[in-house]
>>> print(open('run-v6.cif').read())   # mmCIF, C-alpha atoms
data_data
#
loop_
_atom_site.label_atom_id
_atom_site.label_comp_id
_atom_site.auth_asym_id
_atom_site.auth_seq_id
_atom_site.Cartn_x
_atom_site.Cartn_y
_atom_site.Cartn_z
CA MET A 1 56.06 165.01 91.98
CA ILE A 2 59.09 165.17 89.67
CA GLU A 3 59.51 168.43 87.79
CA LYS A 4 60.06 168.26 84.03
CA ASN A 5 63.56 169.75 84.18
CA GLN A 6 64.64 167.60 87.14
CA ALA A 7 67.17 164.92 86.18
CA PRO A 8 66.29 161.36 87.25
CA LYS A 9 68.28 159.98 90.11
CA PRO A 10 70.93 157.46 89.00
CA LYS A 11 70.16 153.90 89.96
CA ARG A 12 72.40 152.41 92.58
CA ARG A 13 74.34 149.43 91.42
CA ARG A 14 74.28 146.51 93.74
CA ARG A 15 77.69 145.32 94.66
CA SER A 16 78.16 141.71 93.74
CA ARG A 17 79.42 139.82 96.70
CA SER A 18 82.32 137.60 95.83
CA LYS A 19 81.42 134.02 96.57
CA LYS A 20 83.73 132.34 98.99
CA SER A 21 85.28 129.20 97.67
CA ASN A 22 84.41 126.14 99.72
CA ARG A 23 87.07 124.03 98.07
CA TYR A 24 89.39 122.47 100.59
CA PHE A 25 91.65 120.69 98.08
CA THR A 26 93.40 123.63 96.41
CA LYS A 27 96.29 123.99 93.99
CA VAL A 28 98.57 124.38 97.01
CA HIS A 29 97.71 120.86 98.13
CA GLU A 30 97.92 119.57 94.56
CA ASP A 31 101.43 121.00 94.18
CA ALA A 32 102.45 119.64 97.59
CA ILE A 33 101.50 116.09 96.57
CA VAL A 34 103.29 116.39 93.24
CA ARG A 35 106.40 117.71 94.97
CA TYR A 36 106.16 114.91 97.57
CA CYS A 37 106.24 112.31 94.79
CA GLN A 38 109.17 113.98 93.04
CA THR A 39 111.54 114.67 95.92
CA ASP A 40 113.90 112.16 97.50
CA SER A 41 114.45 114.27 100.60
CA ARG A 42 112.88 112.64 103.65
CA ALA A 43 112.88 115.94 105.52
CA GLU A 44 110.99 117.66 102.72
CA LYS A 45 108.53 114.77 102.42
CA SER A 46 107.85 114.94 106.15
CA GLN A 47 107.32 118.70 106.00
CA LEU A 48 104.98 118.49 103.00
CA TYR A 49 102.99 115.66 104.50
CA GLY A 50 102.56 117.24 107.93
CA GLU A 51 101.75 120.75 106.70
CA PHE A 52 99.64 120.12 103.59
CA ILE A 53 98.89 116.51 102.73
CA CYS A 54 97.77 115.00 106.03
CA PRO A 55 95.16 117.70 106.79
CA VAL A 56 93.67 117.54 103.30
CA PHE A 57 93.58 113.72 103.37
CA ASN A 58 91.65 113.90 106.63
CA GLU A 59 89.15 116.27 105.02
CA LEU A 60 88.94 114.16 101.85
CA VAL A 61 88.09 110.95 103.71
CA ASP A 62 85.47 112.64 105.88
CA LYS A 63 83.84 114.30 102.85
CA ILE A 64 83.60 111.02 100.92
CA VAL A 65 82.24 109.13 103.93
CA PHE A 66 79.38 111.61 104.35
CA THR A 67 78.77 112.32 100.66
CA PHE A 68 78.36 108.66 99.72
CA ARG A 69 76.70 107.71 103.02
CA PHE A 70 79.27 105.23 104.21
CA THR A 71 78.29 106.33 107.70
CA SER A 72 75.95 103.32 107.82
CA LEU A 73 78.93 100.99 108.22
CA PRO A 74 79.00 99.81 111.87
CA ASN A 75 82.69 100.51 112.44
CA ILE A 76 82.92 103.64 110.30
CA ASP A 77 85.07 105.62 112.77
CA GLU A 78 87.75 102.92 112.76
CA LEU A 79 87.48 102.57 108.98
CA ARG A 80 88.00 106.29 108.48
CA GLU A 81 91.20 106.25 110.50
CA GLU A 82 92.35 103.08 108.72
CA CYS A 83 91.72 104.66 105.33
CA LYS A 84 93.66 107.81 106.26
CA ILE A 85 96.65 105.68 107.23
CA TRP A 86 96.27 103.58 104.07
CA LEU A 87 96.41 106.71 101.90
CA THR A 88 99.90 107.43 103.24
CA THR A 89 101.06 104.02 102.02
CA ILE A 90 99.92 104.66 98.42
CA LEU A 91 101.00 108.31 98.28
CA ASP A 92 104.11 107.48 96.24
CA LYS A 93 102.00 105.59 93.67
CA TYR A 94 100.39 108.76 92.35
CA ASN A 95 101.81 109.67 88.94
CA PRO A 96 100.91 113.20 87.78
CA GLY A 97 102.17 112.31 84.31
CA LYS A 98 99.13 110.09 83.69
CA GLY A 99 96.82 113.09 83.39
CA SER A 100 94.59 112.86 86.46
CA THR A 101 94.83 115.42 89.22
CA ALA A 102 95.77 114.35 92.73
CA PHE A 103 92.29 115.30 93.91
CA SER A 104 90.62 113.04 91.31
CA TYR A 105 93.05 110.19 91.89
CA PHE A 106 92.79 110.07 95.68
CA SER A 107 89.04 110.72 95.63
CA VAL A 108 88.49 107.70 93.40
CA VAL A 109 90.78 105.35 95.31
CA THR A 110 89.25 106.45 98.63
CA LYS A 111 85.71 105.90 97.38
CA ASN A 112 86.62 102.48 95.96
CA TRP A 113 88.30 101.55 99.26
CA PHE A 114 85.09 102.20 101.18
CA ILE A 115 82.98 100.43 98.54
CA ALA A 116 85.16 97.33 98.95
CA LYS A 117 84.76 97.51 102.72
CA SER A 118 81.00 97.91 102.33
CA LYS A 119 80.73 94.89 100.00
CA ARG A 120 82.80 92.78 102.39
CA GLN A 121 80.48 93.79 105.23
CA GLN A 122 77.41 92.80 103.20
CA LYS A 123 78.90 89.40 102.36
CA ARG A 124 79.66 88.78 106.02
CA ILE A 125 76.08 89.64 107.02
CA MET A 126 74.66 87.32 104.34
CA ARG A 127 76.80 84.42 105.60
CA GLU A 128 75.68 84.83 109.18
CA ILE A 129 72.91 82.66 110.60
CA ASP A 130 69.95 84.47 112.10
CA PHE A 131 70.56 83.48 115.69
CA ALA A 132 67.01 84.41 116.68
CA ASP A 133 65.69 81.44 114.67
CA VAL A 134 67.70 78.93 116.70
CA SER A 135 65.95 77.30 119.64
CA TYR A 136 66.92 78.36 123.17
CA ARG A 137 68.33 74.92 123.98
CA ASP A 138 70.45 74.86 120.84
CA GLN A 139 71.67 78.38 121.58
CA ARG A 140 72.91 77.33 125.01
CA GLU A 141 74.63 74.21 123.67
CA TYR A 142 76.19 76.15 120.82
CA LEU A 143 77.42 78.98 123.04
CA SER A 144 78.87 76.60 125.62
CA TYR A 145 80.74 74.52 123.05
CA ASP A 146 81.76 77.44 120.87
CA HIS A 147 83.17 79.45 123.78
CA ASP A 148 85.32 76.60 125.11
CA PHE A 149 86.51 75.59 121.66
CA HIS A 150 87.50 79.08 120.53
CA GLU A 151 89.16 79.91 123.83
CA THR A 152 91.42 76.84 123.48
CA GLU A 153 92.01 77.53 119.80
CA ASP A 154 92.94 81.16 120.50
CA GLN A 155 95.47 80.10 123.11
CA GLU A 156 97.07 77.64 120.69
CA PHE A 157 97.08 80.27 117.92
CA TYR A 158 98.86 82.92 119.97
CA THR A 159 101.32 80.41 121.38
CA CYS A 160 102.30 79.42 117.84
CA LEU A 161 102.34 83.07 116.75
CA PHE A 162 104.79 84.05 119.50
CA THR A 163 106.98 81.10 118.51
CA GLU A 164 106.87 82.29 114.91
CA ILE A 165 107.75 85.88 115.89
CA ASN A 166 110.73 84.61 117.87
CA ARG A 167 111.83 82.78 114.74
CA TRP A 168 111.62 86.04 112.75
CA GLU A 169 114.05 87.62 115.21
CA ALA A 170 116.69 85.10 114.22
CA MET A 171 116.41 86.19 110.58
CA GLU A 172 118.59 88.82 108.97
CA LEU A 173 116.57 92.00 109.37
CA LYS A 174 117.28 95.65 108.67
CA ASP A 175 117.56 97.93 111.69
CA SER A 176 114.21 99.56 110.90
CA GLU A 177 112.48 96.17 110.56
CA ARG A 178 113.94 94.98 113.85
CA LYS A 179 112.80 98.16 115.62
CA VAL A 180 109.21 97.66 114.44
CA LEU A 181 109.31 93.95 115.28
CA ASP A 182 110.56 94.70 118.79
CA ALA A 183 107.83 97.33 119.19
CA VAL A 184 105.15 94.85 118.10
CA LYS A 185 106.44 92.36 120.66
CA VAL A 186 106.25 95.01 123.37
CA LEU A 187 102.59 95.65 122.54
CA LEU A 188 101.74 91.94 122.38
CA ASP A 189 103.47 91.30 125.70
CA ASN A 190 101.69 94.21 127.41
CA PRO A 191 98.08 94.31 126.15
CA ASP A 192 96.77 95.62 129.48
CA GLN A 193 98.82 98.79 129.12
CA ILE A 194 97.16 99.76 125.83
CA GLU A 195 94.26 101.98 126.81
CA ILE A 196 92.73 102.65 123.39
CA PHE A 197 92.08 99.70 121.12
CA ASN A 198 92.06 101.07 117.57
CA LYS A 199 94.55 101.17 114.72
CA LYS A 200 95.39 104.84 115.10
CA ALA A 201 96.37 104.32 118.73
CA ILE A 202 98.48 101.29 117.80
CA TYR A 203 100.38 103.34 115.21
CA LEU A 204 100.95 106.07 117.79
CA TYR A 205 102.38 103.49 120.21
CA LEU A 206 104.64 102.09 117.49
CA ARG A 207 105.88 105.55 116.59
CA GLU A 208 106.65 106.35 120.22
CA ILE A 209 108.50 103.07 120.80
CA THR A 210 110.52 103.08 117.58
CA GLY A 211 111.13 106.82 117.23
CA MET A 212 110.14 106.52 113.57
CA ASN A 213 107.52 108.46 111.61
CA THR A 214 104.22 106.96 110.44
CA LYS A 215 105.39 106.22 106.91
CA GLN A 216 108.50 104.40 108.13
CA VAL A 217 106.43 102.36 110.59
CA VAL A 218 103.88 101.45 107.91
CA ARG A 219 106.57 100.46 105.39
CA ASN A 220 108.31 98.07 107.80
CA LEU A 221 105.06 96.82 109.30
CA ASN A 222 103.91 95.80 105.82
CA LYS A 223 106.98 93.53 105.57
CA LEU A 224 105.96 91.86 108.83
CA ARG A 225 102.41 91.52 107.53
CA ILE A 226 103.70 89.42 104.63
CA ARG A 227 105.32 87.00 107.08
CA TYR A 228 102.18 87.01 109.21
CA ARG A 229 99.98 86.18 106.21
CA ASP A 230 102.21 83.22 105.37
CA PHE A 231 101.93 82.06 108.98
CA LYS A 232 98.11 82.46 108.93
CA VAL A 233 97.79 80.44 105.70
CA LYS A 234 99.80 77.59 107.22
CA TRP A 235 97.72 77.78 110.41
CA ASN A 236 94.43 77.63 108.50
CA LYS A 237 95.68 74.64 106.50
CA GLY A 238 96.72 72.84 109.67
CA ASP A 239 100.38 72.79 108.70
CA ILE A 240 101.31 74.37 112.05
#
>>> encode(input="run-v6.cif", output="structure tokens")
Amino acid sequence: MIEKNQAPKPKRRRRSRSKKSNRYFTKVHEDAIVRYCQTDSRAEKSQLYGEFICPVFNELVDKIVFTFRFTSLPNIDELREECKIWLTTILDKYNPGKGSTAFSYFSVVTKNWFIAKSKRQQKRIMREIDFADVSYRDQREYLSYDHDFHETEDQEFYTCLFTEINRWEAMELKDSERKVLDAVKVLLDNPDQIEIFNKKAIYLYLREITGMNTKQVVRNLNKLRIRYRDFKVKWNKGDI
């Protein structure tokens, strides 16, 4: 029992535990991207990208893939690596003066990139014929003809492609372009030596052969892609 003159015990105040922030894209990363876009120093760009930007881009892509359930895409692991590389190619396009934060900008473009890939996948599925509805005899005839035809067509395609690449060598190219072109030829000439067949591994091989960083490889590879697209258009039209 509490006596009348006894003072009540003071209530203990519960200490409020400070909530840990689960944000991975902080102001440090925001400032690093802004600085990357402003500086002309390659050494500083490389340092900022390796220390701050690349890790947070990896986290950003993975978060968006799981948040918006792009994991249902059949080749999602390859797409994630492709998207991470693609983000490096558009890094310079971010303009902090337009009002949006780097987090918002790269979140939106990453999400839209995967949406485009998802729509393309759906269109491809809709165009496909349900092979199970084709009779067994027709399946055998189709497979036999299709295999022989495409094997011959592939041989002709790559023969023409190598001829086209040799023609590119005769053009006036910058040293960086020539290094990447020579590296691509090495990989095409030695497919059996490439142990991992995905885009990230290819970029690693190109970096090792050329001695250039990822951004330099991507920049010069994009120039070769333009020539390749022109070649592919002519091939599809039957002009080659």
>>> resolve_selection(input="run-v6.cif", expression="the PyMOL selection byres ((chain A and resi 92) around 12)", output="ChimeraX atom specification")
/A:33-40,45,49,86-91,93-96,102,106,215,219
>>> residues_around(input="run-v6.cif", residues="stretch 174-190 of chain A", least_positions_apart="2", cutoff="12 Å", atoms="only C-alpha atoms", output="JSON, numbers by chain")
{"A": [158, 159, 161, 162, 163, 164, 165, 166, 167, 168, 169, 170, 171, 172, 192, 193, 194, 195, 197, 201, 202, 203, 204, 205, 206, 207, 208, 209, 210, 211, 212, 213, 214, 215, 216, 217, 218, 219, 220, 221, 222, 223, 224, 225, 227, 228]}
>>> write_last_selection(input="run-v6.cif", atoms="C-alpha atoms", output="compact mmCIF listing (two decimals), keeping the file's coordinate frame")
# COMPACT_ATOMS: atom_id res chain seq x y z
CA TYR A 158 98.86 82.92 119.97
CA THR A 159 101.32 80.41 121.38
CA LEU A 161 102.34 83.07 116.75
CA PHE A 162 104.79 84.05 119.50
CA THR A 163 106.98 81.10 118.51
CA GLU A 164 106.87 82.29 114.91
CA ILE A 165 107.75 85.88 115.89
CA ASN A 166 110.73 84.61 117.87
CA ARG A 167 111.83 82.78 114.74
CA TRP A 168 111.62 86.04 112.75
CA GLU A 169 114.05 87.62 115.21
CA ALA A 170 116.69 85.10 114.22
CA MET A 171 116.41 86.19 110.58
CA GLU A 172 118.59 88.82 108.97
CA ASP A 192 96.77 95.62 129.48
CA GLN A 193 98.82 98.79 129.12
CA ILE A 194 97.16 99.76 125.83
CA GLU A 195 94.26 101.98 126.81
CA PHE A 197 92.08 99.70 121.12
CA ALA A 201 96.37 104.32 118.73
CA ILE A 202 98.48 101.29 117.80
CA TYR A 203 100.38 103.34 115.21
CA LEU A 204 100.95 106.07 117.79
CA TYR A 205 102.38 103.49 120.21
CA LEU A 206 104.64 102.09 117.49
CA ARG A 207 105.88 105.55 116.59
CA GLU A 208 106.65 106.35 120.22
CA ILE A 209 108.50 103.07 120.80
CA THR A 210 110.52 103.08 117.58
CA GLY A 211 111.13 106.82 117.23
CA MET A 212 110.14 106.52 113.57
CA ASN A 213 107.52 108.46 111.61
CA THR A 214 104.22 106.96 110.44
CA LYS A 215 105.39 106.22 106.91
CA GLN A 216 108.50 104.40 108.13
CA VAL A 217 106.43 102.36 110.59
CA VAL A 218 103.88 101.45 107.91
CA ARG A 219 106.57 100.46 105.39
CA ASN A 220 108.31 98.07 107.80
CA LEU A 221 105.06 96.82 109.30
CA ASN A 222 103.91 95.80 105.82
CA LYS A 223 106.98 93.53 105.57
CA LEU A 224 105.96 91.86 108.83
CA ARG A 225 102.41 91.52 107.53
CA ARG A 227 105.32 87.00 107.08
CA TYR A 228 102.18 87.01 109.21
>>> closest_residue(input="run-v6.cif", among="A:Trp113, A:Phe25, A:Trp235, A:Phe157", to="A:Leu79", atoms="only C-alpha atoms")
A:Trp113
>>> atom_distance(input="run-v6.cif", atom1="atom CA of A:Arg42", atom2="atom CA of A:Gly99")
25.9 Å
>>> atom_distance(input="run-v6.cif", atom1="atom CA of A:Lys98", atom2="atom CA of A:Phe70")
29.0 Å
>>> residues_around(input="run-v6.cif", residues="stretch 63-67 of chain A", least_positions_apart="2", cutoff="12 Å", atoms="only C-alpha atoms", output="PyMOL selection string")
chain A and resi 23-25+56-61+69-73+76-77+79-81+83-84+103+106-115+117-118
>>> atom_distance(input="run-v6.cif", atom1="atom CA of A:Glu44", atom2="atom CA of A:Asp31")
13.2 Å
>>> closest_residue(input="run-v6.cif", among="A:Ile53, A:Ser41, A:Arg124, A:Cys160", to="A:Lys232", atoms="all atoms listed in the file")
A:Cys160
>>> closest_residue(input="run-v6.cif", among="A:Ile226, A:Val28, A:Leu173, A:Ala116", to="A:Leu48", atoms="all atoms listed in the file")
A:Val28
>>> decode(input="run-v6.cif", residues="stretch 65-102 of chain A", atoms="N, CA and C atoms", output="compact mmCIF listing (two decimals), in the first residue's frame")
# COMPACT_ATOMS: atom_id res chain seq x y z
N VAL A 65 13.45 -4.17 -60.70
CA VAL A 65 13.08 -5.48 -61.24
C VAL A 65 12.16 -6.21 -60.27
N PHE A 66 12.48 -6.19 -58.98
CA PHE A 66 11.67 -6.92 -58.00
C PHE A 66 10.42 -6.15 -57.60
N THR A 67 10.51 -4.83 -57.53
CA THR A 67 9.35 -4.04 -57.13
C THR A 67 8.23 -4.13 -58.15
N PHE A 68 8.58 -4.04 -59.44
CA PHE A 68 7.56 -4.06 -60.49
C PHE A 68 7.42 -5.45 -61.14
N ARG A 69 8.00 -6.44 -60.52
CA ARG A 69 7.82 -7.85 -60.90
C ARG A 69 8.22 -8.14 -62.34
N PHE A 70 9.32 -7.56 -62.74
CA PHE A 70 9.87 -7.90 -64.05
C PHE A 70 10.61 -9.24 -64.02
N THR A 71 10.62 -9.87 -62.85
CA THR A 71 11.29 -11.16 -62.71
C THR A 71 10.63 -12.24 -63.56
N SER A 72 9.42 -11.97 -64.04
CA SER A 72 8.72 -12.97 -64.86
C SER A 72 9.30 -13.06 -66.28
N LEU A 73 10.09 -12.08 -66.68
CA LEU A 73 10.71 -12.14 -68.00
C LEU A 73 11.69 -13.31 -68.05
N PRO A 74 11.66 -14.11 -69.11
CA PRO A 74 12.47 -15.34 -69.15
C PRO A 74 13.97 -15.13 -69.07
N ASN A 75 14.45 -14.03 -69.61
CA ASN A 75 15.90 -13.77 -69.61
C ASN A 75 16.24 -12.58 -68.72
N ILE A 76 15.60 -12.54 -67.54
CA ILE A 76 15.71 -11.36 -66.69
C ILE A 76 17.14 -11.11 -66.20
N ASP A 77 17.91 -12.16 -65.95
CA ASP A 77 19.29 -11.97 -65.47
C ASP A 77 20.14 -11.25 -66.52
N GLU A 78 19.98 -11.66 -67.78
CA GLU A 78 20.72 -11.00 -68.85
C GLU A 78 20.22 -9.57 -69.04
N LEU A 79 18.91 -9.38 -68.92
CA LEU A 79 18.35 -8.04 -69.09
C LEU A 79 18.82 -7.09 -68.00
N ARG A 80 18.94 -7.59 -66.80
CA ARG A 80 19.43 -6.74 -65.71
C ARG A 80 20.85 -6.25 -65.98
N GLU A 81 21.71 -7.15 -66.42
CA GLU A 81 23.08 -6.75 -66.73
C GLU A 81 23.13 -5.80 -67.92
N GLU A 82 22.26 -6.06 -68.92
CA GLU A 82 22.21 -5.19 -70.09
C GLU A 82 21.75 -3.79 -69.71
N CYS A 83 20.77 -3.72 -68.81
CA CYS A 83 20.25 -2.42 -68.38
C CYS A 83 21.31 -1.64 -67.60
N LYS A 84 22.07 -2.33 -66.76
CA LYS A 84 23.12 -1.67 -65.98
C LYS A 84 24.17 -1.05 -66.89
N ILE A 85 24.51 -1.78 -67.94
CA ILE A 85 25.47 -1.26 -68.91
C ILE A 85 24.87 -0.09 -69.68
N TRP A 86 23.58 -0.22 -70.03
CA TRP A 86 22.90 0.83 -70.79
C TRP A 86 22.85 2.14 -69.98
N LEU A 87 22.69 2.03 -68.68
CA LEU A 87 22.63 3.23 -67.84
C LEU A 87 23.93 4.04 -67.93
N THR A 88 25.05 3.34 -68.10
CA THR A 88 26.33 4.06 -68.22
C THR A 88 26.39 4.89 -69.51
N THR A 89 25.67 4.42 -70.54
CA THR A 89 25.71 5.13 -71.82
C THR A 89 24.85 6.39 -71.81
N ILE A 90 23.86 6.47 -70.91
CA ILE A 90 22.99 7.65 -70.86
C ILE A 90 23.30 8.52 -69.65
N LEU A 91 24.36 8.19 -68.93
CA LEU A 91 24.70 8.93 -67.71
C LEU A 91 24.91 10.41 -67.99
N ASP A 92 25.56 10.73 -69.10
CA ASP A 92 25.84 12.13 -69.44
C ASP A 92 24.59 12.90 -69.85
N LYS A 93 23.50 12.18 -70.14
CA LYS A 93 22.28 12.86 -70.59
C LYS A 93 21.48 13.46 -69.44
N TYR A 94 21.81 13.08 -68.22
CA TYR A 94 21.09 13.64 -67.07
C TYR A 94 21.44 15.12 -66.90
N ASN A 95 20.40 15.93 -66.78
CA ASN A 95 20.58 17.39 -66.63
C ASN A 95 19.92 17.83 -65.33
N PRO A 96 20.71 18.07 -64.27
CA PRO A 96 20.13 18.47 -62.99
C PRO A 96 19.39 19.80 -63.06
N GLY A 97 19.66 20.59 -64.08
CA GLY A 97 19.00 21.88 -64.21
C GLY A 97 17.53 21.79 -64.58
N LYS A 98 17.07 20.60 -64.99
CA LYS A 98 15.67 20.44 -65.39
C LYS A 98 14.73 20.17 -64.22
N GLY A 99 15.28 20.06 -63.01
CA GLY A 99 14.43 19.98 -61.84
C GLY A 99 14.31 18.61 -61.20
N SER A 100 14.45 17.54 -61.95
CA SER A 100 14.29 16.21 -61.39
C SER A 100 15.59 15.73 -60.76
N THR A 101 15.45 14.98 -59.67
CA THR A 101 16.64 14.44 -59.03
C THR A 101 17.19 13.29 -59.87
N ALA A 102 18.44 12.95 -59.62
CA ALA A 102 19.05 11.83 -60.35
C ALA A 102 18.31 10.53 -60.03
